[in-house]
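Shown next: run.cif, given as mmCIF, C-alpha atoms and all ligand atoms.
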```
data_start
loop_
_atom_site.label_atom_id
_atom_site.label_comp_id
_atom_site.auth_asym_id
_atom_site.auth_seq_id
_atom_site.Cartn_x
_atom_site.Cartn_y
_atom_site.Cartn_z
CA MET A 1 -12.23 1.44 7.63
CA GLN A 2 -10.13 3.44 10.04
CA PHE A 3 -6.40 3.92 9.36
CA GLU A 4 -4.14 4.99 12.22
CA VAL A 5 -0.57 5.96 11.34
CA LEU A 6 2.33 6.31 13.75
CA THR A 7 5.02 8.54 12.21
CA LEU A 8 7.66 11.19 12.86
CA PHE A 9 6.32 13.06 9.82
CA PRO A 10 2.51 13.36 10.10
CA GLU A 11 2.68 16.25 7.58
CA LEU A 12 3.34 13.66 4.82
CA PHE A 13 -0.35 12.61 5.20
CA PRO A 14 -2.90 12.57 3.65
CA GLY A 15 -0.62 13.51 0.69
CA ALA A 16 -1.78 11.71 -2.43
CA LEU A 17 -4.74 10.26 -0.49
CA ALA A 18 -6.35 13.73 -0.40
CA HIS A 19 -7.02 13.49 -4.17
CA GLY A 20 -9.31 11.50 -6.43
CA VAL A 21 -11.39 8.61 -5.13
CA THR A 22 -9.44 8.30 -1.86
CA GLY A 23 -9.90 12.02 -1.24
CA ARG A 24 -13.66 11.67 -1.73
CA ALA A 25 -13.76 8.63 0.57
CA LEU A 26 -11.89 10.53 3.29
CA SER A 27 -14.21 13.58 2.96
CA ALA A 28 -17.31 11.36 3.01
CA GLY A 29 -16.03 9.48 6.07
CA VAL A 30 -16.13 6.12 4.27
CA VAL A 31 -12.51 5.78 5.41
CA GLY A 32 -10.87 7.61 8.31
CA LEU A 33 -7.22 8.60 8.74
CA THR A 34 -5.74 9.53 12.13
CA LEU A 35 -2.10 10.54 12.55
CA HIS A 36 -0.06 9.95 15.69
CA ASN A 37 3.24 11.79 16.07
CA LEU A 38 5.80 9.41 17.57
CA ARG A 39 7.45 12.36 19.33
CA ASP A 40 4.28 12.83 21.40
CA TYR A 41 5.03 9.52 23.11
CA THR A 42 8.39 10.61 24.51
CA HIS A 43 8.83 11.96 28.05
CA ASP A 44 12.32 13.47 28.09
CA ARG A 45 13.17 17.17 27.59
CA HIS A 46 14.56 16.56 24.13
CA ARG A 47 11.66 14.35 23.02
CA GLN A 48 14.21 11.86 21.77
CA VAL A 49 12.87 9.13 19.50
CA ASP A 50 16.18 7.67 18.26
CA ASP A 51 19.48 6.48 19.68
CA VAL A 52 22.82 5.05 18.54
CA PRO A 53 22.86 1.40 17.42
CA TYR A 54 24.22 -1.24 19.79
CA GLY A 55 27.24 -2.85 18.13
CA GLY A 56 28.09 0.39 16.35
CA GLY A 57 27.57 1.44 12.78
CA ALA A 58 26.27 4.44 10.92
CA GLY A 59 23.03 6.26 11.61
CA MET A 60 20.42 6.12 14.34
CA VAL A 61 17.78 3.58 15.34
CA LEU A 62 14.23 4.35 16.52
CA LYS A 63 13.90 3.61 20.24
CA PRO A 64 11.33 1.00 21.27
CA GLU A 65 9.69 2.84 24.22
CA PRO A 66 7.72 5.56 22.34
CA ILE A 67 6.48 3.02 19.78
CA PHE A 68 5.35 0.51 22.44
CA GLU A 69 3.64 3.32 24.39
CA ALA A 70 1.85 4.64 21.30
CA VAL A 71 0.61 1.21 20.25
CA ARG A 72 -0.57 0.43 23.79
CA ALA A 73 -2.57 3.69 23.80
CA ARG A 74 -4.38 2.85 20.56
CA GLN A 75 -8.17 2.66 20.32
CA GLY A 76 -8.62 0.07 17.57
CA SER A 77 -8.77 -3.72 17.64
CA GLY A 78 -7.30 -4.42 14.18
CA PRO A 79 -3.76 -5.56 13.41
CA VAL A 80 -0.63 -3.52 14.15
CA ILE A 81 1.57 -3.39 11.05
CA LEU A 82 5.18 -2.30 10.69
CA LEU A 83 6.22 -1.11 7.22
CA SER A 84 9.77 -2.24 6.57
CA PRO A 85 11.97 -3.63 3.78
CA GLN A 86 12.28 -6.82 5.89
CA GLY A 87 8.53 -7.47 5.76
CA GLU A 88 6.39 -9.89 3.80
CA LEU A 89 5.91 -8.59 0.25
CA PHE A 90 2.62 -6.66 0.05
CA ASN A 91 0.31 -7.78 -2.74
CA GLN A 92 -3.35 -7.76 -3.81
CA ARG A 93 -4.18 -10.84 -1.70
CA ILE A 94 -2.87 -9.08 1.45
CA ALA A 95 -4.75 -5.89 0.46
CA ARG A 96 -8.00 -7.94 0.32
CA GLU A 97 -7.25 -9.51 3.73
CA LEU A 98 -6.56 -6.11 5.32
CA ALA A 99 -9.73 -4.62 3.79
CA GLN A 100 -11.75 -7.04 6.00
CA GLN A 101 -10.41 -5.39 9.18
CA PRO A 102 -12.25 -2.65 11.09
CA ASP A 103 -9.01 -0.65 11.45
CA LEU A 104 -5.29 -0.85 10.72
CA TYR A 105 -2.47 0.59 12.82
CA LEU A 106 0.52 1.39 10.60
CA ILE A 107 3.99 2.11 12.03
CA CYS A 108 6.46 4.04 9.85
CA GLY A 109 10.19 3.73 10.49
CA ARG A 110 12.87 6.36 9.80
CA TYR A 111 16.68 6.66 9.97
CA GLU A 112 18.51 3.31 9.80
CA GLY A 113 15.50 1.41 11.11
CA VAL A 114 13.49 0.45 14.18
CA ASP A 115 14.68 -1.40 17.31
CA ASP A 116 13.96 -5.02 16.38
CA ARG A 117 11.91 -5.65 19.53
CA VAL A 118 9.09 -3.73 17.81
CA ALA A 119 8.99 -6.30 14.98
CA SER A 120 9.54 -9.31 17.25
CA HIS A 121 7.33 -8.44 20.25
CA LEU A 122 4.85 -5.71 19.35
CA VAL A 123 3.54 -5.89 15.81
CA ASP A 124 1.19 -8.44 14.27
CA ARG A 125 2.60 -8.14 10.80
CA GLU A 126 5.60 -6.66 8.96
CA LEU A 127 4.99 -5.58 5.35
CA SER A 128 7.27 -4.39 2.54
CA ILE A 129 5.96 -2.70 -0.61
CA GLY A 130 8.92 -3.92 -2.67
CA ASP A 131 12.60 -4.76 -2.77
CA TYR A 132 14.01 -1.24 -2.54
CA VAL A 133 14.94 1.10 0.28
CA LEU A 134 13.04 4.30 1.10
CA THR A 135 14.01 7.08 3.51
CA GLY A 136 10.99 6.23 5.65
CA GLY A 137 7.97 3.96 5.92
CA GLU A 138 5.48 6.78 5.18
CA LEU A 139 5.35 6.28 1.40
CA ALA A 140 4.88 2.55 2.00
CA ALA A 141 2.00 3.30 4.39
CA LEU A 142 0.39 5.56 1.78
CA VAL A 143 0.65 2.77 -0.79
CA VAL A 144 -0.96 0.23 1.57
CA ILE A 145 -3.74 2.67 2.55
CA ASP A 146 -4.48 3.44 -1.11
CA ALA A 147 -4.59 -0.22 -2.17
CA VAL A 148 -6.77 -1.22 0.81
CA SER A 149 -9.09 1.82 0.57
CA ARG A 150 -10.16 1.12 -3.01
CA LEU A 151 -11.42 -2.31 -1.84
CA ILE A 152 -13.73 -0.76 0.77
CA PRO A 153 -17.35 -0.71 -0.44
CA GLY A 154 -18.33 2.82 -1.51
CA VAL A 155 -14.80 4.05 -2.23
CA LEU A 156 -14.69 3.24 -5.94
CA GLY A 157 -17.61 4.52 -7.98
CA ALA A 158 -19.58 2.35 -10.36
CA GLN A 159 -16.74 3.11 -12.80
CA ALA A 160 -14.70 0.06 -11.78
CA SER A 161 -15.38 -3.01 -9.73
CA PRO A 162 -12.47 -4.43 -7.73
CA LEU A 163 -14.16 -7.86 -8.23
CA ASP A 164 -13.07 -7.79 -11.89
CA GLU A 165 -9.54 -7.76 -10.55
CA SER A 166 -9.76 -11.00 -8.56
CA PHE A 167 -7.47 -12.39 -11.25
CA ALA A 168 -5.33 -9.22 -11.21
CA GLU A 169 -2.53 -10.97 -9.34
CA LYS A 170 -2.54 -13.92 -11.77
CA LEU A 171 -2.50 -12.07 -15.07
CA LEU A 172 -1.46 -8.62 -16.30
CA GLU A 173 -4.21 -6.39 -17.69
CA TYR A 174 -5.09 -6.44 -21.37
CA PRO A 175 -4.34 -3.24 -23.38
CA HIS A 176 -6.87 -0.41 -23.12
CA TYR A 177 -7.70 2.07 -25.88
CA THR A 178 -9.97 5.05 -26.30
CA ARG A 179 -10.63 7.57 -29.11
CA PRO A 180 -9.31 8.54 -31.62
CA PRO A 181 -9.34 5.30 -33.66
CA VAL A 182 -6.05 6.34 -35.31
CA PHE A 183 -3.51 8.43 -33.40
CA GLU A 184 -0.28 9.53 -35.14
CA GLY A 185 -0.70 6.63 -37.53
CA HIS A 186 -1.27 4.06 -34.78
CA ALA A 187 -4.64 2.33 -35.10
CA VAL A 188 -6.74 0.77 -32.34
CA PRO A 189 -7.05 -3.02 -32.96
CA ASP A 190 -10.03 -3.62 -35.28
CA VAL A 191 -11.65 -6.19 -33.04
CA LEU A 192 -12.34 -3.50 -30.38
CA LEU A 193 -14.35 -1.47 -32.91
CA SER A 194 -16.26 -4.51 -34.18
CA GLY A 195 -18.90 -4.56 -31.45
CA HIS A 196 -18.48 -8.35 -31.31
CA HIS A 197 -18.43 -8.89 -27.53
CA ALA A 198 -17.44 -12.55 -27.45
CA GLU A 199 -14.54 -11.89 -29.82
CA ILE A 200 -13.44 -8.87 -27.77
CA GLU A 201 -13.43 -11.00 -24.61
CA ARG A 202 -11.35 -13.68 -26.37
CA TRP A 203 -8.89 -11.10 -27.72
CA ARG A 204 -8.46 -9.45 -24.31
CA ARG A 205 -7.82 -12.80 -22.61
CA GLN A 206 -5.25 -13.74 -25.26
CA GLN A 207 -3.51 -10.34 -24.97
CA ALA A 208 -3.41 -10.60 -21.16
CA GLU A 209 -1.86 -14.07 -21.35
CA ALA A 210 0.70 -13.09 -24.02
CA ARG A 211 1.75 -10.00 -22.05
CA THR A 212 2.06 -11.95 -18.83
CA LYS A 213 4.16 -14.65 -20.50
CA ARG A 214 6.52 -11.99 -21.91
CA ARG A 215 6.75 -9.56 -19.02
CA ARG A 216 5.90 -11.50 -15.86
CA PRO A 217 6.35 -15.24 -16.45
CA ASP A 218 6.62 -15.64 -12.63
CA LEU A 219 2.86 -14.93 -12.39
CA LEU A 220 1.97 -17.91 -14.62
CA SER A 221 3.64 -20.63 -12.49
C1 LIG A 301 11.50 0.50 2.21
C2 LIG A 301 10.28 0.04 2.64
C3 LIG A 301 9.80 0.49 3.89
C4 LIG A 301 11.77 1.73 4.16
C5 LIG A 301 9.50 -0.90 1.79
C6 LIG A 301 13.14 1.93 8.35
C7 LIG A 301 13.94 3.16 8.08
C8 LIG A 301 12.47 1.52 7.10
C9 LIG A 301 13.48 3.68 6.75
C10 LIG A 301 12.40 2.79 6.28
N1 LIG A 301 12.23 1.32 2.96
N2 LIG A 301 10.57 1.34 4.62
N3 LIG A 301 8.60 0.12 4.38
N4 LIG A 301 10.10 -1.42 0.73
N5 LIG A 301 12.57 2.51 4.89
O1 LIG A 301 8.35 -1.19 2.08
#
```

What would the structure in this file look like if it were written as structure tokens?
Ligand code: 4GT
Amino acid sequence: MQFEVLTLFPELFPGALAHGVTGRALSAGVVGLTLHNLRDYTHDRHRQVDDVPYGGGAGMVLKPEPIFEAVRARQGSGPVILLSPQGELFNQRIARELAQQPDLYLICGRYEGVDDRVASHLVDRELSIGDYVLTGGELAALVVIDAVSRLIPGVLGAQASPLDESFAEKLLEYPHYTRPPVFEGHAVPDVLLSGHHAEIERWRRQQAEARTKRRRPDLLS
């Protein structure tokens, strides 16, 4: 999987992706990450990427021309994605879809936003990582790259299979415990120490359902 990121702040990458399993995958070449500086697609003396908003208002808007030029110069054949709070809500199903692609081209906005002709006439998909506002799309791109990367064969070790998580968007995880059996007076549930695998499975399922009902009832309907 090849990730291409268009940004005004390429120095924010690889960031967290340089560490742990994603870091290993990048070093091994199982996934690739290429940064494109939006300013490199300007042609004026001041390398201007933003301009005042039509209709007035505070802040600046990213100009369409450098973004269109950058996307038209891309090598890949996969989808072009704009990260924005106006996008479709990113989830595990979308991560699995994106993991099937040979490459992803991710556009990160800054300032007050991006000229809307980018969303309406250039990109294939607009994604949001949640209902909150960030100072830029870069952290959202890092989140998408992390979630998609761990679904690429060879990125996760034998430690965890992303297949086990096919129900991850339907149910919250059951509680996990490790040693010691009693910590500051708090004991690990007996069933987990029993060695009775069928009972452990039943307990975990029941815990996952009870947690989901309490914390995320929206997932059950
Ligand atoms: C939130 C998200 C995102 C931003 C999100 C354009 C200017 C958007 C700053 C950018 N905020 N991008 N992708 N929830 N801010 O995904």

Report task. Enumerate residues in contact with ligand LIG 301 (chain A): an atom-to-atom distance of at most 9 Å, counting only C-alpha atoms and all ligand atoms. Format the result as a ChimeraX atom specification. Result -> /A:61-62,82-87,89-90,108-114,126-141

Write the residues you've just listed into a file as a CSV table (one decimal), in the frame of the given file, and include C-alpha atoms for each of them.
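Here's the written file result.csv:
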```csv
chain,number,residue,atom,x,y,z
A,61,VAL,CA,17.8,3.6,15.3
A,62,LEU,CA,14.2,4.4,16.5
A,82,LEU,CA,5.2,-2.3,10.7
A,83,LEU,CA,6.2,-1.1,7.2
A,84,SER,CA,9.8,-2.2,6.6
A,85,PRO,CA,12.0,-3.6,3.8
A,86,GLN,CA,12.3,-6.8,5.9
A,87,GLY,CA,8.5,-7.5,5.8
A,89,LEU,CA,5.9,-8.6,0.2
A,90,PHE,CA,2.6,-6.7,0.0
A,108,CYS,CA,6.5,4.0,9.8
A,109,GLY,CA,10.2,3.7,10.5
A,110,ARG,CA,12.9,6.4,9.8
A,111,TYR,CA,16.7,6.7,10.0
A,112,GLU,CA,18.5,3.3,9.8
A,113,GLY,CA,15.5,1.4,11.1
A,114,VAL,CA,13.5,0.4,14.2
A,126,GLU,CA,5.6,-6.7,9.0
A,127,LEU,CA,5.0,-5.6,5.4
A,128,SER,CA,7.3,-4.4,2.5
A,129,ILE,CA,6.0,-2.7,-0.6
A,130,GLY,CA,8.9,-3.9,-2.7
A,131,ASP,CA,12.6,-4.8,-2.8
A,132,TYR,CA,14.0,-1.2,-2.5
A,133,VAL,CA,14.9,1.1,0.3
A,134,LEU,CA,13.0,4.3,1.1
A,135,THR,CA,14.0,7.1,3.5
A,136,GLY,CA,11.0,6.2,5.6
A,137,GLY,CA,8.0,4.0,5.9
A,138,GLU,CA,5.5,6.8,5.2
A,139,LEU,CA,5.4,6.3,1.4
A,140,ALA,CA,4.9,2.6,2.0
A,141,ALA,CA,2.0,3.3,4.4
```

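By chain and then residue number, the residues within 7 Å of Gln92 in chain A are Ala95, Arg96 and Glu169 of chain A, counting all atoms listed in the file and disregarding those fewer than 3 positions away in sequence.
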
Do you know which residues are at most 12 Å from Ala25 in chain A counting all atoms listed in the file, after dropping those on the same chain fewer than 5 positions away, and could you put them as a PDB file with C-alpha atoms, keeping the file's coordinate frame?
```
ATOM      1  CA  MET A   1     -12.230   1.440   7.630  1.00  0.00           C
ATOM      2  CA  GLN A   2     -10.130   3.440  10.040  1.00  0.00           C
ATOM      3  CA  PRO A  14      -2.900  12.570   3.650  1.00  0.00           C
ATOM      4  CA  LEU A  17      -4.740  10.260  -0.490  1.00  0.00           C
ATOM      5  CA  ALA A  18      -6.350  13.730  -0.400  1.00  0.00           C
ATOM      6  CA  HIS A  19      -7.020  13.490  -4.170  1.00  0.00           C
ATOM      7  CA  GLY A  20      -9.310  11.500  -6.430  1.00  0.00           C
ATOM      8  CA  VAL A  30     -16.130   6.120   4.270  1.00  0.00           C
ATOM      9  CA  VAL A  31     -12.510   5.780   5.410  1.00  0.00           C
ATOM     10  CA  GLY A  32     -10.870   7.610   8.310  1.00  0.00           C
ATOM     11  CA  LEU A  33      -7.220   8.600   8.740  1.00  0.00           C
ATOM     12  CA  ILE A 145      -3.740   2.670   2.550  1.00  0.00           C
ATOM     13  CA  ASP A 146      -4.480   3.440  -1.110  1.00  0.00           C
ATOM     14  CA  SER A 149      -9.090   1.820   0.570  1.00  0.00           C
ATOM     15  CA  ARG A 150     -10.160   1.120  -3.010  1.00  0.00           C
ATOM     16  CA  LEU A 151     -11.420  -2.310  -1.840  1.00  0.00           C
ATOM     17  CA  ILE A 152     -13.730  -0.760   0.770  1.00  0.00           C
ATOM     18  CA  PRO A 153     -17.350  -0.710  -0.440  1.00  0.00           C
ATOM     19  CA  GLY A 154     -18.330   2.820  -1.510  1.00  0.00           C
ATOM     20  CA  VAL A 155     -14.800   4.050  -2.230  1.00  0.00           C
ATOM     21  CA  LEU A 156     -14.690   3.240  -5.940  1.00  0.00           C
ATOM     22  CA  GLY A 157     -17.610   4.520  -7.980  1.00  0.00           C
TER      23      GLY A 157
END
```

Query raised in the report: Within 6 Å of range 174-182 of chain A, counting all atoms listed in the file, which residues qualify if same-chain residues fewer than 3 places away don't, as a PyMOL selection string?
Result: chain A and resi 185-188+204+207-208

Report task. Within 7 Å of (10.2, -0.4, 21.6) (coordinates as in the file), grab all the protein and nucleic acid residues, counting all atoms listed in the file, and write them out as a ChimeraX atom specification. Result -> /A:63-68,115,117-118

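Atom to atom, CA of Leu26 in chain A and CA of Leu8 in chain A stand 21.8 Å apart.
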
Query raised in the report: Pick the closest to Ala99 in chain A from A:Val80, A:Val144, A:Val191, A:Ala119: which is it, counting only C-alpha atoms?
Result: A:Val144

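Distance-wise, CA of Ala73 in chain A and CA of Glu97 in chain A end up 24.5 Å apart.
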
Report summary line: What separates CA of Gly78 in chain A and CA of Tyr105 in chain A is a distance of 7.1 Å

Some atoms are absent from range 11-36 of chain A, so rebuild N, CA, C and O atoms and return them as a short mmCIF file (atom, residue, chain, number, x, y, z; two decimals), keeping the file's coordinate frame.
```
data_model
loop_
_atom_site.label_atom_id
_atom_site.label_comp_id
_atom_site.auth_asym_id
_atom_site.auth_seq_id
_atom_site.Cartn_x
_atom_site.Cartn_y
_atom_site.Cartn_z
N GLU A 11 2.97 15.30 8.67
CA GLU A 11 2.68 16.25 7.58
C GLU A 11 2.77 15.60 6.20
O GLU A 11 2.34 16.19 5.21
N LEU A 12 3.30 14.38 6.11
CA LEU A 12 3.34 13.66 4.82
C LEU A 12 1.97 13.06 4.48
O LEU A 12 1.78 12.53 3.39
N PHE A 13 1.00 13.15 5.40
CA PHE A 13 -0.35 12.61 5.20
C PHE A 13 -1.35 13.75 5.19
O PHE A 13 -1.13 14.75 5.87
N PRO A 14 -2.47 13.67 4.51
CA PRO A 14 -2.90 12.57 3.65
C PRO A 14 -2.16 12.51 2.32
O PRO A 14 -2.27 11.53 1.62
N GLY A 15 -1.39 13.56 1.94
CA GLY A 15 -0.62 13.51 0.69
C GLY A 15 -1.49 13.14 -0.49
O GLY A 15 -2.55 13.73 -0.69
N ALA A 16 -1.05 12.14 -1.23
CA ALA A 16 -1.78 11.71 -2.43
C ALA A 16 -3.19 11.22 -2.10
O ALA A 16 -4.08 11.27 -2.96
N LEU A 17 -3.42 10.79 -0.86
CA LEU A 17 -4.74 10.26 -0.49
C LEU A 17 -5.81 11.35 -0.47
O LEU A 17 -7.00 11.05 -0.47
N ALA A 18 -5.39 12.62 -0.44
CA ALA A 18 -6.35 13.73 -0.40
C ALA A 18 -7.02 13.94 -1.75
O ALA A 18 -7.96 14.73 -1.86
N HIS A 19 -6.55 13.25 -2.79
CA HIS A 19 -7.02 13.49 -4.17
C HIS A 19 -7.77 12.29 -4.73
O HIS A 19 -7.56 11.17 -4.29
N GLY A 20 -8.62 12.57 -5.71
CA GLY A 20 -9.31 11.50 -6.43
C GLY A 20 -10.25 10.70 -5.54
O GLY A 20 -10.82 11.25 -4.58
N VAL A 21 -10.39 9.42 -5.84
CA VAL A 21 -11.39 8.61 -5.13
C VAL A 21 -11.07 8.48 -3.64
O VAL A 21 -11.98 8.48 -2.80
N THR A 22 -9.78 8.41 -3.29
CA THR A 22 -9.44 8.30 -1.86
C THR A 22 -9.77 9.59 -1.14
O THR A 22 -10.23 9.56 0.02
N GLY A 23 -9.57 10.72 -1.83
CA GLY A 23 -9.90 12.02 -1.24
C GLY A 23 -11.39 12.12 -0.94
O GLY A 23 -11.80 12.59 0.12
N ARG A 24 -12.20 11.66 -1.90
CA ARG A 24 -13.66 11.67 -1.73
C ARG A 24 -14.06 10.75 -0.57
O ARG A 24 -14.92 11.11 0.24
N ALA A 25 -13.43 9.59 -0.50
CA ALA A 25 -13.76 8.63 0.57
C ALA A 25 -13.40 9.19 1.94
O ALA A 25 -14.14 9.00 2.91
N LEU A 26 -12.29 9.90 2.02
CA LEU A 26 -11.89 10.53 3.29
C LEU A 26 -12.88 11.63 3.67
O LEU A 26 -13.33 11.70 4.81
N SER A 27 -13.25 12.48 2.70
CA SER A 27 -14.21 13.58 2.96
C SER A 27 -15.56 13.04 3.38
O SER A 27 -16.22 13.60 4.25
N ALA A 28 -16.00 11.95 2.72
CA ALA A 28 -17.31 11.36 3.01
C ALA A 28 -17.30 10.54 4.30
O ALA A 28 -18.35 10.13 4.77
N GLY A 29 -16.11 10.28 4.84
CA GLY A 29 -16.03 9.48 6.07
C GLY A 29 -16.16 7.99 5.84
O GLY A 29 -16.33 7.23 6.79
N VAL A 30 -16.10 7.56 4.58
CA VAL A 30 -16.13 6.12 4.27
C VAL A 30 -14.85 5.46 4.80
O VAL A 30 -14.86 4.33 5.26
N VAL A 31 -13.74 6.20 4.73
CA VAL A 31 -12.51 5.78 5.41
C VAL A 31 -12.04 6.94 6.29
O VAL A 31 -12.29 8.11 5.97
N GLY A 32 -11.40 6.60 7.39
CA GLY A 32 -10.87 7.61 8.31
C GLY A 32 -9.35 7.48 8.39
O GLY A 32 -8.81 6.39 8.20
N LEU A 33 -8.69 8.59 8.62
CA LEU A 33 -7.22 8.60 8.74
C LEU A 33 -6.85 9.44 9.96
O LEU A 33 -7.18 10.62 10.02
N THR A 34 -6.19 8.82 10.93
CA THR A 34 -5.74 9.53 12.13
C THR A 34 -4.23 9.40 12.22
O THR A 34 -3.69 8.29 12.07
N LEU A 35 -3.56 10.52 12.44
CA LEU A 35 -2.10 10.54 12.55
C LEU A 35 -1.69 10.63 14.02
O LEU A 35 -2.33 11.35 14.80
N HIS A 36 -0.65 9.90 14.35
CA HIS A 36 -0.06 9.95 15.69
C HIS A 36 1.42 10.29 15.52
O HIS A 36 2.14 9.57 14.81
#
```
